[in-house]
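Asker: What follows is run_28.tsv, TSV, C-alpha atoms.
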```
chain	number	residue	atom	x	y	z
I	223	MET	CA	-16.42	-1.69	21.03
I	224	SER	CA	-12.68	-1.84	21.73
I	225	LEU	CA	-10.25	0.65	20.26
I	226	ILE	CA	-8.11	-0.59	17.36
I	227	ASN	CA	-4.40	0.24	17.47
I	228	VAL	CA	-2.77	0.73	14.08
I	229	ALA	CA	0.71	1.71	12.89
I	230	LEU	CA	2.13	3.07	9.62
I	231	VAL	CA	5.80	2.62	8.75
I	232	GLN	CA	7.30	5.51	6.77
I	233	ALA	CA	10.73	4.25	5.79
I	234	ALA	CA	12.84	3.05	2.89
I	235	PRO	CA	13.70	-0.59	2.33
I	236	ALA	CA	17.23	-1.75	1.67
I	237	LEU	CA	16.65	-0.76	-1.93
I	238	PHE	CA	16.90	-3.61	-4.48
I	239	ASP	CA	17.98	-6.00	-1.69
I	240	LEU	CA	15.13	-8.34	-0.75
I	241	GLU	CA	16.84	-10.01	2.20
I	242	GLY	CA	17.98	-6.71	3.64
I	243	SER	CA	14.51	-5.27	3.19
I	244	LEU	CA	12.91	-8.22	5.00
I	245	GLU	CA	15.19	-7.49	7.95
I	246	LYS	CA	13.85	-3.94	8.00
I	247	VAL	CA	10.27	-5.23	7.94
I	248	ALA	CA	11.06	-7.45	10.93
I	249	ASP	CA	12.58	-4.56	12.89
I	250	TRP	CA	9.72	-2.16	12.18
I	251	ALA	CA	7.06	-4.79	12.90
I	252	GLU	CA	8.66	-5.53	16.25
I	253	GLN	CA	8.64	-1.81	17.08
I	254	ALA	CA	4.99	-1.53	16.04
I	255	ALA	CA	4.03	-4.47	18.25
I	256	SER	CA	5.95	-2.98	21.17
I	257	GLU	CA	3.75	0.12	20.86
I	258	GLY	CA	0.59	-1.96	20.95
I	259	ALA	CA	-0.23	-2.05	17.24
I	260	GLN	CA	-2.66	-4.72	16.10
I	261	LEU	CA	-2.20	-3.83	12.43
I	262	VAL	CA	0.88	-2.44	10.70
I	263	LEU	CA	0.94	-1.05	7.15
I	264	PHE	CA	4.03	-0.65	4.95
I	265	PRO	CA	4.18	1.50	1.77
I	266	GLU	CA	3.62	0.66	-1.86
I	267	GLY	CA	6.43	-1.38	-3.39
I	268	PHE	CA	8.36	-1.70	-0.13
I	269	LEU	CA	9.84	-5.01	-1.27
I	270	PRO	CA	12.29	-4.62	-2.86
I	271	ALA	CA	11.82	-0.92	-3.80
I	272	TYR	CA	9.59	1.56	-5.55
I	273	PRO	CA	12.05	2.41	-8.37
I	274	ARG	CA	11.44	6.16	-8.39
I	275	GLY	CA	13.58	8.04	-10.91
I	276	LEU	CA	14.55	4.98	-12.95
I	277	GLY	CA	13.61	4.18	-16.54
I	278	PHE	CA	15.33	0.82	-16.99
I	279	GLY	CA	16.85	2.12	-20.20
I	280	SER	CA	13.45	2.41	-21.88
I	281	VAL	CA	12.30	5.14	-24.22
I	282	VAL	CA	9.81	4.87	-27.04
I	283	GLY	CA	11.36	2.62	-29.66
I	284	SER	CA	14.45	1.38	-27.80
I	285	ARG	CA	15.92	-0.22	-24.69
I	286	THR	CA	19.51	-0.38	-23.45
I	287	PRO	CA	21.66	-3.31	-22.24
I	288	LYS	CA	22.28	-1.43	-18.95
I	289	GLY	CA	18.53	-1.05	-18.45
I	290	ARG	CA	18.01	-4.77	-18.96
I	291	GLU	CA	20.66	-5.52	-16.31
I	292	ASP	CA	18.99	-3.11	-13.88
I	293	TRP	CA	15.68	-4.82	-14.61
I	294	LEU	CA	17.28	-8.20	-13.88
I	295	THR	CA	18.47	-6.93	-10.50
I	296	TYR	CA	14.97	-5.68	-9.70
I	297	PHE	CA	13.38	-8.93	-10.85
I	298	ARG	CA	15.76	-11.13	-8.85
I	299	ASN	CA	14.87	-9.24	-5.67
I	300	SER	CA	11.11	-9.29	-6.24
I	301	VAL	CA	8.66	-11.53	-4.38
I	302	ARG	CA	7.16	-14.86	-5.39
I	303	VAL	CA	3.71	-15.48	-3.92
I	304	PRO	CA	3.85	-17.89	-2.22
I	305	GLY	CA	7.57	-18.26	-1.70
I	306	PRO	CA	10.39	-17.78	0.81
I	307	ALA	CA	9.69	-14.06	1.24
I	308	THR	CA	6.00	-14.59	2.03
I	309	GLU	CA	6.93	-17.33	4.47
I	310	ARG	CA	9.24	-14.87	6.23
I	311	LEU	CA	6.55	-12.18	6.28
I	312	GLY	CA	4.12	-14.68	7.77
I	313	ARG	CA	6.59	-15.48	10.55
I	314	ILE	CA	7.03	-11.77	11.24
I	315	ALA	CA	3.26	-11.34	11.58
I	316	ARG	CA	2.96	-14.42	13.80
I	317	GLU	CA	5.91	-13.55	16.05
I	318	ASN	CA	4.51	-10.07	16.63
I	319	GLN	CA	0.84	-11.14	16.79
I	320	LEU	CA	-0.42	-8.51	14.37
I	321	TYR	CA	-2.02	-8.04	10.99
I	322	LEU	CA	0.66	-7.05	8.48
I	323	ALA	CA	-0.12	-5.37	5.16
I	324	ILE	CA	2.76	-4.59	2.81
I	325	GLY	CA	3.35	-3.43	-0.74
I	326	VAL	CA	5.58	-5.70	-2.82
I	327	THR	CA	6.69	-6.14	-6.40
I	328	GLU	CA	5.42	-9.62	-7.20
I	329	ILE	CA	6.75	-12.07	-9.79
I	330	GLY	CA	3.74	-13.26	-11.77
I	331	GLU	CA	2.83	-16.75	-12.86
I	332	SER	CA	4.41	-16.35	-16.30
I	333	GLY	CA	7.82	-15.80	-14.74
I	334	GLY	CA	8.38	-12.67	-16.81
I	335	THR	CA	5.78	-10.14	-15.62
I	336	LEU	CA	5.88	-8.18	-12.38
I	337	TYR	CA	2.91	-6.77	-10.50
I	338	CYS	CA	2.50	-4.04	-7.91
I	339	THR	CA	0.82	-6.00	-5.13
I	340	LEU	CA	-0.57	-5.50	-1.64
I	341	LEU	CA	-0.26	-8.55	0.63
I	342	TYR	CA	-2.17	-9.16	3.87
I	343	PHE	CA	-1.07	-11.50	6.69
I	344	ASN	CA	-3.02	-12.33	9.85
I	345	PRO	CA	-1.58	-12.79	13.37
I	346	ALA	CA	-1.41	-16.55	12.78
I	347	GLY	CA	1.09	-15.85	9.99
I	348	GLN	CA	-1.24	-16.82	7.15
I	349	LEU	CA	-1.31	-14.96	3.84
I	350	ILE	CA	-5.00	-14.06	3.74
I	351	HIS	CA	-5.22	-11.83	0.67
I	352	ARG	CA	-3.34	-10.55	-2.38
I	353	HIS	CA	-4.42	-7.52	-4.40
I	354	ARG	CA	-2.69	-6.54	-7.64
I	355	LYS	CA	-2.78	-2.91	-8.75
I	356	LEU	CA	-5.37	-2.56	-11.49
I	357	LYS	CA	-3.65	0.13	-13.53
I	358	PRO	CA	0.01	1.13	-13.18
I	359	THR	CA	0.46	4.85	-13.77
I	360	ALA	CA	2.50	6.38	-16.62
I	361	ALA	CA	6.04	4.93	-16.71
I	362	GLU	CA	5.09	2.34	-14.06
I	363	ARG	CA	3.62	0.44	-17.01
I	364	ILE	CA	7.17	-0.36	-18.11
I	365	ILE	CA	7.71	-2.48	-15.00
I	366	TRP	CA	4.30	-3.71	-13.80
I	367	GLY	CA	1.46	-5.56	-15.48
I	368	GLU	CA	-2.22	-4.83	-14.84
I	369	GLY	CA	-4.18	-6.57	-12.11
I	370	GLN	CA	-7.05	-8.78	-13.18
I	371	GLY	CA	-9.68	-7.07	-11.01
I	372	ASP	CA	-10.81	-10.28	-9.31
I	373	ASP	CA	-9.28	-9.38	-5.94
I	374	LEU	CA	-11.17	-6.25	-4.86
I	375	ASP	CA	-12.11	-7.91	-1.59
I	376	VAL	CA	-12.76	-6.48	1.85
I	377	LEU	CA	-11.72	-8.88	4.61
I	378	SER	CA	-13.81	-9.57	7.70
I	379	THR	CA	-11.46	-9.60	10.72
I	380	PRO	CA	-11.72	-9.13	14.50
I	381	LEU	CA	-10.43	-5.57	13.88
I	382	GLY	CA	-13.22	-4.78	11.45
I	383	ARG	CA	-13.56	-4.97	7.70
I	384	ILE	CA	-10.18	-4.30	6.05
I	385	GLY	CA	-9.36	-3.64	2.40
I	386	GLY	CA	-7.56	-1.16	0.20
I	387	LEU	CA	-6.25	0.17	-3.08
I	388	ILE	CA	-2.73	1.08	-4.15
I	389	CYS	CA	-1.73	4.68	-4.91
I	390	TRP	CA	-3.55	6.11	-7.95
I	391	GLU	CA	-6.05	3.24	-8.05
I	392	ASN	CA	-7.66	5.44	-5.43
I	393	TYR	CA	-8.53	7.92	-8.19
I	394	MET	CA	-10.74	5.26	-9.84
I	395	PRO	CA	-14.27	6.02	-8.56
I	396	LEU	CA	-15.70	2.57	-9.28
I	397	ALA	CA	-12.77	0.84	-7.59
I	398	ARG	CA	-13.48	2.85	-4.47
I	399	MET	CA	-17.17	2.05	-4.77
I	400	ALA	CA	-16.36	-1.67	-4.90
I	401	LEU	CA	-14.84	-1.32	-1.43
I	402	TYR	CA	-17.61	0.91	-0.05
I	403	ALA	CA	-20.15	-1.66	-1.25
I	404	GLN	CA	-18.51	-4.20	1.05
I	405	ASP	CA	-18.84	-2.00	4.16
I	406	ILE	CA	-15.15	-1.22	4.51
I	407	HIS	CA	-13.98	0.05	7.93
I	408	LEU	CA	-10.18	0.24	7.62
I	409	TYR	CA	-9.24	1.50	4.16
I	410	LEU	CA	-5.55	0.96	3.37
I	411	ALA	CA	-3.96	3.28	0.81
I	412	PRO	CA	-0.24	2.55	0.46
I	413	THR	CA	1.22	5.02	-2.00
I	414	ALA	CA	4.24	6.58	-3.66
I	415	ASP	CA	2.57	10.00	-4.00
I	416	HIS	CA	4.27	12.60	-1.78
I	417	ARG	CA	2.45	15.65	-3.10
I	418	GLU	CA	0.32	17.89	-0.90
I	419	SER	CA	-2.66	17.06	-3.12
I	420	TRP	CA	-2.55	13.45	-1.94
I	421	GLN	CA	-3.60	14.64	1.51
I	422	SER	CA	-6.78	15.99	-0.05
I	423	THR	CA	-7.35	12.64	-1.75
I	424	ILE	CA	-7.19	10.55	1.41
I	425	ARG	CA	-9.37	13.01	3.33
I	426	HIS	CA	-11.93	12.85	0.55
I	427	ILE	CA	-11.91	9.02	0.62
I	428	ALA	CA	-12.45	9.03	4.38
I	429	CYS	CA	-15.40	11.41	4.03
I	430	GLU	CA	-16.82	9.58	1.02
I	431	GLY	CA	-16.46	6.08	2.44
I	432	ARG	CA	-17.10	7.06	6.08
I	433	CYS	CA	-14.16	4.86	7.00
I	434	PHE	CA	-10.72	5.19	8.53
I	435	VAL	CA	-8.03	5.74	5.88
I	436	LEU	CA	-4.45	4.64	6.49
I	437	SER	CA	-2.08	6.04	3.87
I	438	CYS	CA	1.58	5.03	4.01
I	439	ASN	CA	4.50	6.26	1.88
I	440	GLN	CA	8.26	5.83	1.88
I	441	PHE	CA	10.87	8.38	2.89
I	442	VAL	CA	13.72	7.94	0.39
I	443	ARG	CA	16.94	9.85	-0.28
I	444	LYS	CA	18.97	9.51	-3.46
I	445	ASP	CA	22.02	8.26	-1.53
I	446	MET	CA	20.02	5.22	-0.38
I	447	TYR	CA	20.15	3.78	-3.92
I	448	PRO	CA	22.95	1.36	-4.86
I	449	GLU	CA	25.90	2.89	-6.69
I	450	THR	CA	24.89	1.31	-10.00
I	451	PHE	CA	21.86	3.65	-10.18
I	452	GLN	CA	23.52	6.89	-9.12
I	453	GLU	CA	24.42	8.11	-12.62
I	454	GLU	CA	20.82	7.80	-13.80
I	455	LEU	CA	19.66	9.71	-10.71
I	456	ARG	CA	22.19	12.54	-10.99
I	457	ASP	CA	19.56	15.16	-11.90
I	458	GLN	CA	17.06	14.01	-9.28
I	459	PRO	CA	16.59	15.89	-5.97
I	460	GLU	CA	18.38	14.63	-2.87
I	461	ILE	CA	15.07	13.67	-1.26
I	462	LEU	CA	13.23	11.49	-3.76
I	463	SER	CA	10.16	10.87	-1.60
I	464	ARG	CA	9.12	13.15	1.28
I	465	GLY	CA	6.64	10.70	2.78
I	466	GLY	CA	3.37	12.23	3.91
I	467	SER	CA	1.97	9.16	5.69
I	468	ALA	CA	-1.24	9.90	7.60
I	469	ILE	CA	-4.19	8.36	9.42
I	470	ILE	CA	-7.59	9.97	8.74
I	471	SER	CA	-10.90	9.67	10.60
I	472	PRO	CA	-14.26	8.81	8.97
I	473	LEU	CA	-15.17	12.51	8.98
I	474	GLY	CA	-11.91	13.53	7.31
I	475	GLY	CA	-10.02	14.67	10.38
I	476	GLY	CA	-6.33	13.97	10.89
I	477	LEU	CA	-5.60	11.42	13.63
I	478	ALA	CA	-1.84	11.16	12.97
I	479	GLY	CA	0.49	12.84	10.52
I	480	PRO	CA	1.12	13.74	7.84
I	481	LEU	CA	4.77	12.89	8.51
I	482	TRP	CA	7.23	14.71	6.23
I	483	ASP	CA	10.94	14.51	5.38
I	484	LYS	CA	12.02	11.75	7.75
I	485	GLU	CA	11.62	8.10	8.59
I	486	GLY	CA	9.23	7.26	11.37
I	487	MET	CA	6.16	5.39	12.50
I	488	LEU	CA	2.67	6.78	13.10
I	489	VAL	CA	0.49	5.09	15.70
I	490	ALA	CA	-3.17	5.79	16.47
I	491	ALA	CA	-6.03	4.25	18.44
I	492	LEU	CA	-9.20	4.10	16.34
I	493	ASP	CA	-12.73	4.02	17.74
I	494	PRO	CA	-14.87	1.76	15.48
I	495	GLU	CA	-18.02	3.54	16.61
I	496	ASP	CA	-16.75	6.68	14.85
I	497	ILE	CA	-17.78	4.94	11.61
I	498	ILE	CA	-21.36	4.61	12.81
I	499	ARG	CA	-21.42	8.21	14.02
I	500	ALA	CA	-20.14	9.38	10.64
I	501	ARG	CA	-22.79	7.47	8.68
I	502	LEU	CA	-25.64	9.37	10.30
I	503	ASP	CA	-25.75	11.74	7.34
I	504	PHE	CA	-23.89	9.90	4.57
I	505	ASP	CA	-23.51	6.22	3.65
I	506	ALA	CA	-22.09	5.70	0.16
I	507	PHE	CA	-23.68	2.30	-0.38
I	508	GLY	CA	-26.60	2.76	2.01
I	509	HIS	CA	-29.09	5.58	2.40
I	510	TYR	CA	-27.09	7.89	0.10
I	511	HIS	CA	-26.70	5.36	-2.70
I	512	ARG	CA	-29.91	5.91	-4.75
I	513	SER	CA	-29.87	2.43	-6.23
I	514	ASP	CA	-33.15	3.32	-7.97
I	515	VAL	CA	-31.15	5.72	-10.17
I	516	PHE	CA	-27.66	4.20	-10.36
I	517	PHE	CA	-26.83	0.54	-10.88
I	518	PHE	CA	-23.50	-0.72	-9.60
I	519	ASP	CA	-22.63	-4.40	-9.31
I	520	TRP	CA	-19.34	-4.76	-7.45
I	521	ARG	CA	-19.28	-8.55	-7.58
I	522	LYS	CA	-16.52	-10.34	-9.48
I	523	LYS	CA	-17.12	-10.78	-13.18
I	524	ASN	CA	-16.81	-14.55	-12.95
```
I'd like the structure from this file rewritten - as structure tokens, please.
Answerer:
Amino acid sequence: MSLINVALVQAAPALFDLEGSLEKVADWAEQAASEGAQLVLFPEGFLPAYPRGLGFGSVVGSRTPKGREDWLTYFRNSVRVPGPATERLGRIARENQLYLAIGVTEIGESGGTLYCTLLYFNPAGQLIHRHRKLKPTAAERIIWGEGQGDDLDVLSTPLGRIGGLICWENYMPLARMALYAQDIHLYLAPTADHRESWQSTIRHIACEGRCFVLSCNQFVRKDMYPETFQEELRDQPEILSRGGSAIISPLGGGLAGPLWDKEGMLVAALDPEDIIRARLDFDAFGHYHRSDVFFFDWRKKN
């Protein structure tokens, strides 16, 4: 079986500027393709920003006019699916002949709710999958609605079986099991978690799922935010997100990264047969499943 070349982009978008951020995606995708990548992964909420440190003027019992204006800015730069931004992302994937997976803030069907979403494009430029985060964490619930749970799909591609979960969804055991049950090979875990403990999480998932794990985060400094947000961020550290992107083998070994405290791109060549080797002694939905004891039906509710 041929090696699979993958790339992770650890960078910041042009925060709260959709068009500027799309230009960054194009530049990074071109660089990934020039290094032989067949799949490139961008972080959670890359378009138009993961709004770390912001509260949009919301506390229990009240909101502020300034917070509503900040929300409007965020909303106006979010992504309609399908729409002009997804058309541009499709062209980027097609022009660089690679699979492109990217975290976006998506404008929902109601026109008033946003979702934290992972989009997948194939080398023909087609949008082949959309997954909405099942459960936003803590204050994320101010800005994002909950996913419906009908999109926990693993995609069959020439590179193998690709799927993923967003950030702390990966702490949901049954969500992980839904992917393992579909024989996932390339497990994508875009995140905003830059703690050391996240490295333990992605190594555990690789060992548990006997799959490759690609975890991608942003590197963000406070001075990258537009001036209108600087007062709210005054007590935040200069580096808001350290990164920590990494590529992990099916036995939990590090293949690239973690990358800390700078922008950059990680590239690795993956051997698909490492998955088979790793499943000799553990297969989460195979010989180690014990379906006679535990019942788990991963299929969609409807």
Asker: Can you list, as a list in words, every protein, DNA or RNA residue that comes within 8 Å of Val303 in chain I when you count all atoms listed in the file, leaving out same-chain residues fewer than 5 positions away?
Answerer: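 What passes the distance filter is Thr308, Glu328 and Ile329 of chain I.
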Asker: Would you compute the distance between CA of His511 in chain I and CA of Gln370 in chain I? Give it in Å to one decimal.
Answerer: 26.4 Å
Asker: How many Å separate CA of Gly275 in chain I from CA of Phe238 in chain I?
Answerer: 13.7 Å
Asker: Within 10 Å of (-1.3, -14.9, 0.9), all atoms listed in the file: residues as an MDAnalysis selection string?
Answerer: chainID I and resid 303:305 308:309 311:312 340:344 347:353
Asker: Tell me which residues come within 6 Å of (-12.5, -1.6, 3.9), as an mmCIF file with C-alpha atoms, in the frame of the given file, counting all atoms listed in the file in the file's coordinates.
Answerer:
```
data_model
loop_
_atom_site.group_PDB
_atom_site.id
_atom_site.type_symbol
_atom_site.label_atom_id
_atom_site.label_comp_id
_atom_site.auth_asym_id
_atom_site.auth_seq_id
_atom_site.Cartn_x
_atom_site.Cartn_y
_atom_site.Cartn_z
ATOM 1 C CA VAL I 376 -12.760 -6.480 1.850
ATOM 2 C CA ARG I 383 -13.560 -4.970 7.700
ATOM 3 C CA ILE I 384 -10.180 -4.300 6.050
ATOM 4 C CA GLY I 385 -9.360 -3.640 2.400
ATOM 5 C CA LEU I 401 -14.840 -1.320 -1.430
ATOM 6 C CA ILE I 406 -15.150 -1.220 4.510
ATOM 7 C CA HIS I 407 -13.980 0.050 7.930
ATOM 8 C CA LEU I 408 -10.180 0.240 7.620
ATOM 9 C CA TYR I 409 -9.240 1.500 4.160
#
```
Asker: Please list as a list in words every residue within 8 Å of Cys429 in chain I, counting all atoms listed in the file and excluding residues in the same chain fewer than 4 positions away.
Answerer: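 Near Cys429 in chain I, the qualifying residues are Arg425, Cys433, Pro472, Leu473 and Gly474 of chain I.
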Asker: Give the answer as one residue: which of I:Leu276, I:Ala411, I:Leu320, I:Ala307 has the shortest atom-to-atom distance to Glu245 in chain I, using all atoms listed in the file?
Answerer: I:Ala307
Asker: To one decimal place, how far is CA of Cys389 in chain I from CA of Asp503 in chain I in Å?
Answerer: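 Interatomic distance here is 27.9 Å.
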Asker: Using only C-alpha atoms, which of I:Pro412, I:Gly475, I:Pro235, I:Gly382 sits nearest Glu495 in chain I?
Answerer: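 Looking at the shortest contact to Glu495 in chain I, the residue is I:Gly382.
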Asker: Could you check the closest approach to Arg363 in chain I for each of I:Pro270, I:Gly277, I:Gly283, I:Gly333 and tell me which residue wins, using all atoms listed in the file?
Answerer: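 Comparing I:Pro270, I:Gly277, I:Gly283, I:Gly333 against Arg363 in chain I, the winner is I:Gly277.
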Asker: Which residue out of I:Thr339, I:Ser224, I:Gln404, I:Ser467 has the minimum interatomic distance to Gly431 in chain I when all atoms listed in the file are used?
Answerer: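 Smallest separation from Gly431 in chain I among the options: I:Gln404.
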Asker: So that I can check the surroundings of Tyr272 in chain I, please list as a PyMOL selection string every protein, DNA and RNA residue that reaches within 10 Å of it, counting only C-alpha atoms and ignoring chain neighbours fewer than 3 positions away.
Answerer: chain I and resi 234-235+237-238+265-269+275-276+296+325-327+338+362+413-414+440+442
Asker: Could you name the residues that touch Ala251 in chain I at 10 Å or less, counting all atoms listed in the file, but leaving out those on the same chain fewer than 6 positions away, as a VMD selection string?
Answerer: chain I and resid 229 to 231 245 257 259 261 to 264 311 314 to 315 317 to 322
